[in-house]
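Enquirer: If you scroll down you'll find the structure; I have some questions about it.
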Amino acid sequence: MREAVELVVVGGLNVDLTVPVTRLPAPGETVSGPCARKAAGGKGANQAVAAARLGAKVRLVGRVGDDFGPELLTAVRREGVDVSQVSIGSESTGMALIVVEEGGENMITVARGANGHLDVRDLDLTGADALLLQLEVPLEVCTAAAAKARAGGIPVILNAAPYQEGLESLLRHVDLLVVNESEAVSLCGAADPTALLALGPKAAVITLGARGAIAAEADDRAVMEVPSFQVQAVDAVGAGDTFCAQVALGYTYRQPLREAVTRACAAGALATTGHGAQSAMPTGEDVERLLHHAS
């Protein structure tokens, strides 16, 4: 059995407030749901938990407030994630307001809160096999962390979500870029992984939701099409974060890109079969079973 890789995740920690509805609201419309669910979330915390469940050693770097922060850290620590580099400040903890329709599609609004005050000047990457980033923390924080990793020869994986302007400096330090279709269009004008490669990364992946993913590498630039896995989806929240965690592990293990993306599609699909983000994330054994069943 191969040794687990050690992944450092720099990103956001949020409280998720989720309301299930029969359909998503139109602009200006109010749609009622039966209840609201409170859970631990944030793209950094979600991807850290997903990677831990999938078999990695994970260190999370972030910031929370002293309101909901301690309970978020308890939830993440329970999954085996090292939170010793998560600071607690006087700011409010980040919060996500999520509306989920019956088919699993969702709408999300995020209040950055303490995530916007993260400082990585003392970031410790000792022993890290890869660095995983998202954009719920300030862009300059991600750029500084990526530059430090690149200087130390540590691969950098960026999930450029939520999209921000001015990513040019950060992308120069990125080895693997993961985005969805709308983020790809915002970055390069098209949902084309080869166009994303022109921005600097060595490999690029575009997630297509229920249609799977497409990917390309700088070495040959041929577009790979990877289909999705058929599951009974109930909630897509956290599926993208699970995909990112799995593809980051595959990339760190130096799996062929097609294999890494295939496994990520399987992991992401499994994450849609339960409610919530972290609570629905699969284990490595779950992914193996789905891959075996589909083969």
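A note on labels: chains of the structure tokens are A, B, ... as shown, every chain counts residues from 1, and ligands are counted from 1 in their shown order.
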Please return, as a list in words, all residues of segment 135-252 of chain A that DSSP assigns to strand (DSSP E) on the basis of the backbone.

Expert: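 Strand (DSSP E) assignments inside segment 135-252 of chain A correspond to Val156, Ile157, Leu158, Asn159, Leu176, Leu177, Val178, Val179, Asn180, Ala203, Ala204, Val205, Ile206, Thr207, Ala213, Ile214, Ala215, Ala216, Glu217, Met224, Glu225 and Val226 of chain A.
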
Enquirer: Mind checking which residues fall within 9 Å of Gly274 of chain A, counting only C-alpha atoms, ignoring those fewer than 3 positions away in the same chain, and posting them as a list in words?

Expert: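 What passes the distance filter is Ala233, Val234, Asp235, Ala236, Leu270, Ala271, Ala277, Ser279, Ala280 and Met281 of chain A.
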
Enquirer: Please write the residues from the selection above to a file, keeping C-alpha atoms, as a short mmCIF file (atom, residue, chain, number, x, y, z; two decimals), in the first residue's frame.

Expert:
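Final output, saved to part25.cif:
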data_model
loop_
_atom_site.label_atom_id
_atom_site.label_comp_id
_atom_site.auth_asym_id
_atom_site.auth_seq_id
_atom_site.Cartn_x
_atom_site.Cartn_y
_atom_site.Cartn_z
CA ALA A 233 -28.08 12.97 -7.02
CA VAL A 234 -29.84 14.80 -4.21
CA ASP A 235 -27.50 17.71 -3.39
CA ALA A 236 -24.58 19.03 -5.45
CA LEU A 270 -20.64 10.26 -4.99
CA ALA A 271 -20.67 13.56 -3.10
CA ALA A 277 -21.03 19.29 1.85
CA SER A 279 -21.24 15.09 5.54
CA ALA A 280 -21.72 13.64 2.03
CA MET A 281 -18.07 13.32 1.01
#

Enquirer: Determine which residues of segment 85-215 of chain A receive a DSSP assignment of alpha helix (DSSP H), computed from the backbone, and state them as an mmCIF file with C-alpha atoms, in the first residue's frame.

Expert:
data_model
loop_
_atom_site.group_PDB
_atom_site.id
_atom_site.type_symbol
_atom_site.label_atom_id
_atom_site.label_comp_id
_atom_site.auth_asym_id
_atom_site.auth_seq_id
_atom_site.Cartn_x
_atom_site.Cartn_y
_atom_site.Cartn_z
ATOM 1 C CA LEU A 139 -5.830 36.840 -3.874
ATOM 2 C CA GLU A 140 -2.574 38.187 -2.473
ATOM 3 C CA VAL A 141 -2.654 35.461 0.198
ATOM 4 C CA CYS A 142 -3.003 32.745 -2.456
ATOM 5 C CA THR A 143 -0.238 34.294 -4.554
ATOM 6 C CA ALA A 144 2.163 34.476 -1.608
ATOM 7 C CA ALA A 145 1.447 30.870 -0.617
ATOM 8 C CA ALA A 146 1.853 29.651 -4.202
ATOM 9 C CA ALA A 147 5.135 31.524 -4.649
ATOM 10 C CA LYS A 148 6.512 29.994 -1.456
ATOM 11 C CA ALA A 149 5.483 26.511 -2.577
ATOM 12 C CA ARG A 150 6.943 26.970 -6.054
ATOM 13 C CA ALA A 151 10.227 28.208 -4.564
ATOM 14 C CA GLU A 168 -2.203 36.561 -13.805
ATOM 15 C CA SER A 169 0.485 36.657 -11.096
ATOM 16 C CA LEU A 170 -0.996 33.693 -9.247
ATOM 17 C CA LEU A 171 -1.369 31.538 -12.364
ATOM 18 C CA GLU A 181 -17.305 26.246 -17.272
ATOM 19 C CA SER A 182 -18.253 29.767 -16.205
ATOM 20 C CA GLU A 183 -14.900 30.289 -14.492
ATOM 21 C CA ALA A 184 -13.084 29.090 -17.617
ATOM 22 C CA VAL A 185 -15.022 31.571 -19.758
ATOM 23 C CA SER A 186 -14.191 34.367 -17.312
ATOM 24 C CA LEU A 187 -10.499 33.446 -17.433
ATOM 25 C CA CYS A 188 -9.938 32.926 -21.161
ATOM 26 C CA PRO A 193 -8.625 23.690 -21.333
ATOM 27 C CA THR A 194 -5.984 24.328 -23.994
ATOM 28 C CA ALA A 195 -6.746 28.054 -23.817
ATOM 29 C CA LEU A 196 -6.274 27.917 -20.044
ATOM 30 C CA LEU A 197 -2.805 26.437 -20.541
#

Enquirer: Residues within 9 Å of segment 199-209 of chain A, please, as an mmCIF file with C-alpha atoms, in the first residue's frame. Count only C-alpha atoms; anything in the same chain fewer than 3 positions from it doesn't count.

Expert:
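Saved the output as result27.cif:
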data_model
loop_
_atom_site.group_PDB
_atom_site.id
_atom_site.type_symbol
_atom_site.label_atom_id
_atom_site.label_comp_id
_atom_site.auth_asym_id
_atom_site.auth_seq_id
_atom_site.Cartn_x
_atom_site.Cartn_y
_atom_site.Cartn_z
ATOM 1 C CA GLU A 168 -2.203 36.561 -13.805
ATOM 2 C CA LEU A 171 -1.369 31.538 -12.364
ATOM 3 C CA ARG A 172 2.373 31.834 -13.061
ATOM 4 C CA HIS A 173 2.945 29.689 -9.944
ATOM 5 C CA VAL A 174 0.239 27.077 -10.678
ATOM 6 C CA ASP A 175 0.891 23.523 -11.861
ATOM 7 C CA LEU A 176 -2.716 22.277 -12.083
ATOM 8 C CA LEU A 177 -5.695 24.597 -12.600
ATOM 9 C CA VAL A 178 -9.261 23.399 -11.921
ATOM 10 C CA VAL A 179 -12.300 25.505 -12.876
ATOM 11 C CA ASN A 180 -15.916 25.070 -13.932
ATOM 12 C CA GLU A 181 -17.305 26.246 -17.272
ATOM 13 C CA GLU A 183 -14.900 30.289 -14.492
ATOM 14 C CA ALA A 184 -13.084 29.090 -17.617
ATOM 15 C CA LEU A 187 -10.499 33.446 -17.433
ATOM 16 C CA CYS A 188 -9.938 32.926 -21.161
ATOM 17 C CA ALA A 191 -14.566 26.563 -21.890
ATOM 18 C CA ASP A 192 -11.371 25.258 -23.481
ATOM 19 C CA PRO A 193 -8.625 23.690 -21.333
ATOM 20 C CA THR A 194 -5.984 24.328 -23.994
ATOM 21 C CA ALA A 195 -6.746 28.054 -23.817
ATOM 22 C CA LEU A 196 -6.274 27.917 -20.044
ATOM 23 C CA GLY A 212 -18.113 15.007 -16.538
ATOM 24 C CA ALA A 213 -14.963 17.022 -17.268
ATOM 25 C CA ILE A 214 -12.464 17.971 -19.957
ATOM 26 C CA ALA A 215 -8.737 18.402 -19.448
ATOM 27 C CA ALA A 216 -5.457 19.113 -21.215
ATOM 28 C CA GLU A 217 -1.726 19.126 -20.470
ATOM 29 C CA ALA A 218 0.945 21.460 -21.771
ATOM 30 C CA ASP A 219 3.013 18.500 -23.037
ATOM 31 C CA ARG A 221 -2.380 19.904 -25.548
ATOM 32 C CA SER A 228 -19.531 11.495 -15.503
ATOM 33 C CA ALA A 236 -24.577 19.031 -5.448
ATOM 34 C CA ALA A 239 -19.317 17.955 -5.180
ATOM 35 C CA GLY A 240 -16.916 20.387 -6.821
ATOM 36 C CA PHE A 243 -13.654 16.627 -7.261
ATOM 37 C CA LEU A 257 -4.158 13.098 -15.931
ATOM 38 C CA VAL A 261 -9.794 13.200 -13.630
ATOM 39 C CA CYS A 265 -15.486 12.509 -11.520
ATOM 40 C CA GLY A 268 -17.620 14.216 -7.187
ATOM 41 C CA ALA A 269 -20.586 12.121 -8.293
#

Enquirer: One number please: atom CA of Leu290 of chain A to atom CA of Tyr251 of chain A, in Å, one decimal.

Expert: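 According to the coordinates, atom CA of Leu290 of chain A and atom CA of Tyr251 of chain A are separated by 20.0 Å.
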
Enquirer: Rank A:Gln164, A:Ser84, A:Ser32, A:Asn14 by their smallest atom-to-atom distance to Val110 of chain A, using only C-alpha atoms, and report the top residue only.

Expert: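 Between A:Gln164, A:Ser84, A:Ser32, A:Asn14, the residue approaching Val110 of chain A most closely is A:Asn14.
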
Enquirer: Would you mind listing what lies within 9 Å of Gly80 of chain A as number ranges by chain, with only C-alpha atoms counted and same-chain residues fewer than 2 positions away left out?

Expert: A: 49, 52-53, 57-58, 76-78, 82

Enquirer: How far is it from atom CA of Leu17 of chain A to atom CA of Val287 of chain A, in Å with one decimal?

Expert: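 Atom CA of Val287 of chain A lies 27.5 Å from atom CA of Leu17 of chain A.
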
Enquirer: Which of these, A:Cys35, A:Thr109, A:Gln278, A:Phe229, has the shortest distance to His292 of chain A once you count only C-alpha atoms?

Expert: A:Phe229

Enquirer: Quick check, in Å to one decimal: how far apart do atom CA of Leu73 of chain A and atom CA of Ala45 of chain A lie?

Expert: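 Separating atom CA of Leu73 of chain A from atom CA of Ala45 of chain A is a distance of 9.1 Å.
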
Enquirer: Pick out the closest residue to Leu158 of chain A from this set: A:Ala39, A:Cys244, A:Ala266, A:Val223. Count only C-alpha atoms.

Expert: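 For Leu158 of chain A, the nearest of the candidates is A:Cys244.
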
Enquirer: From the list A:Leu13, A:Ala4, A:Val100, A:Ala111, which residue is nearest Ala75 of chain A when using only C-alpha atoms?

Expert: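 Checking each candidate against Ala75 of chain A, we get A:Leu13 as the closest.
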
Enquirer: Excluding same-chain residues fewer than 6 positions from Leu24 of chain A, what lies within 9 Å of it counting only C-alpha atoms, as a list in words?

Expert: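 Counting only C-alpha atoms, the residues come to Val31, Val99, Val100, Glu101, Glu105, Asn106 and Met107 of chain A.
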
Enquirer: May I ask which of the residues A:Ala51, A:Arg63, A:Ala267, A:Arg121 is the closest one to Val81 of chain A, counting only C-alpha atoms?

Expert: A:Ala51

Enquirer: Name the residues in contact with Asn115 of chain A at a cut-off of 7 Å, using only C-alpha atoms, excluding same-chain residues fewer than 3 positions from it; report them as a VMD selection string.

Expert: chain A and resid 12 to 13 62 to 64 94 112 118 136 to 137

Enquirer: Just write the chosen residues, N, CA and C atoms, as a PDB file, in the first residue's frame.

Expert:
ATOM      1  N   GLY A  12     -10.745  28.885   2.736  1.00  0.00           N
ATOM      2  CA  GLY A  12     -11.785  29.407   3.594  1.00  0.00           C
ATOM      3  C   GLY A  12     -12.477  28.375   4.459  1.00  0.00           C
ATOM      4  N   LEU A  13     -12.922  28.820   5.617  1.00  0.00           N
ATOM      5  CA  LEU A  13     -13.776  28.033   6.502  1.00  0.00           C
ATOM      6  C   LEU A  13     -15.051  28.841   6.731  1.00  0.00           C
ATOM      7  N   GLY A  62      -6.019  28.550   7.606  1.00  0.00           N
ATOM      8  CA  GLY A  62      -7.129  29.471   7.410  1.00  0.00           C
ATOM      9  C   GLY A  62      -7.338  30.332   8.636  1.00  0.00           C
ATOM     10  N   ARG A  63      -8.496  30.996   8.678  1.00  0.00           N
ATOM     11  CA  ARG A  63      -8.814  31.867   9.800  1.00  0.00           C
ATOM     12  C   ARG A  63     -10.322  31.841  10.041  1.00  0.00           C
ATOM     13  N   VAL A  64     -10.704  31.812  11.312  1.00  0.00           N
ATOM     14  CA  VAL A  64     -12.111  31.844  11.705  1.00  0.00           C
ATOM     15  C   VAL A  64     -12.298  32.904  12.779  1.00  0.00           C
ATOM     16  N   GLY A  94     -16.639  33.308   8.434  1.00  0.00           N
ATOM     17  CA  GLY A  94     -17.248  33.316   7.111  1.00  0.00           C
ATOM     18  C   GLY A  94     -18.561  32.533   7.103  1.00  0.00           C
ATOM     19  N   ARG A 112     -17.347  36.730   3.311  1.00  0.00           N
ATOM     20  CA  ARG A 112     -15.961  36.306   3.552  1.00  0.00           C
ATOM     21  C   ARG A 112     -15.599  36.307   5.033  1.00  0.00           C
ATOM     22  N   LEU A 118      -6.865  36.420   6.598  1.00  0.00           N
ATOM     23  CA  LEU A 118      -5.828  35.390   6.693  1.00  0.00           C
ATOM     24  C   LEU A 118      -4.462  35.956   6.331  1.00  0.00           C
ATOM     25  N   GLU A 136     -11.493  31.799  -1.822  1.00  0.00           N
ATOM     26  CA  GLU A 136     -12.328  32.390  -0.782  1.00  0.00           C
ATOM     27  C   GLU A 136     -11.509  33.206   0.214  1.00  0.00           C
ATOM     28  N   VAL A 137     -10.191  33.198   0.045  1.00  0.00           N
ATOM     29  CA  VAL A 137      -9.308  34.061   0.830  1.00  0.00           C
ATOM     30  C   VAL A 137      -8.703  35.076  -0.133  1.00  0.00           C
TER      31      VAL A 137
END

Enquirer: Could you tell me which of A:Val8, A:Val61, A:Val21, A:Pro227 comes closest to Ile154 of chain A if we count only C-alpha atoms?

Expert: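 Of A:Val8, A:Val61, A:Val21, A:Pro227, the one nearest Ile154 of chain A is A:Val8, counting only C-alpha atoms.
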
Enquirer: What lies within 7 Å of Thr252 of chain A using only C-alpha atoms, ignoring chain neighbours under 2 positions off, as a list of chain:residue names?

Expert: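 Listing them by chain and then by number gives A:Asp129, A:Ala130, A:Ala248, A:Leu249, A:Gly250, A:Arg254.
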
Enquirer: Could you please take those selected residues and save N, CA, C and O atoms as a PDB file, in the first residue's frame?

Expert:
ATOM      1  N   ASP A 129       3.663  17.593   0.217  1.00  0.00           N
ATOM      2  CA  ASP A 129       3.826  17.053  -1.135  1.00  0.00           C
ATOM      3  C   ASP A 129       3.127  17.915  -2.179  1.00  0.00           C
ATOM      4  O   ASP A 129       3.442  17.835  -3.366  1.00  0.00           O
ATOM      5  N   ALA A 130       2.162  18.736  -1.766  1.00  0.00           N
ATOM      6  CA  ALA A 130       1.462  19.629  -2.685  1.00  0.00           C
ATOM      7  C   ALA A 130       0.720  20.681  -1.878  1.00  0.00           C
ATOM      8  O   ALA A 130       0.425  20.505  -0.690  1.00  0.00           O
ATOM      9  N   ALA A 248      -6.525  16.601  -7.050  1.00  0.00           N
ATOM     10  CA  ALA A 248      -5.272  17.057  -6.448  1.00  0.00           C
ATOM     11  C   ALA A 248      -4.452  15.875  -5.944  1.00  0.00           C
ATOM     12  O   ALA A 248      -3.227  15.829  -6.114  1.00  0.00           O
ATOM     13  N   LEU A 249      -5.122  14.901  -5.322  1.00  0.00           N
ATOM     14  CA  LEU A 249      -4.402  13.714  -4.856  1.00  0.00           C
ATOM     15  C   LEU A 249      -3.825  12.940  -6.027  1.00  0.00           C
ATOM     16  O   LEU A 249      -2.671  12.501  -5.992  1.00  0.00           O
ATOM     17  N   GLY A 250      -4.632  12.753  -7.066  1.00  0.00           N
ATOM     18  CA  GLY A 250      -4.136  12.034  -8.239  1.00  0.00           C
ATOM     19  C   GLY A 250      -2.935  12.719  -8.857  1.00  0.00           C
ATOM     20  O   GLY A 250      -1.952  12.070  -9.243  1.00  0.00           O
ATOM     21  N   ARG A 254       1.084  11.600  -9.053  1.00  0.00           N
ATOM     22  CA  ARG A 254       1.600  11.533 -10.435  1.00  0.00           C
ATOM     23  C   ARG A 254       0.869  10.492 -11.276  1.00  0.00           C
ATOM     24  O   ARG A 254       1.456   9.826 -12.133  1.00  0.00           O
TER      25      ARG A 254
END
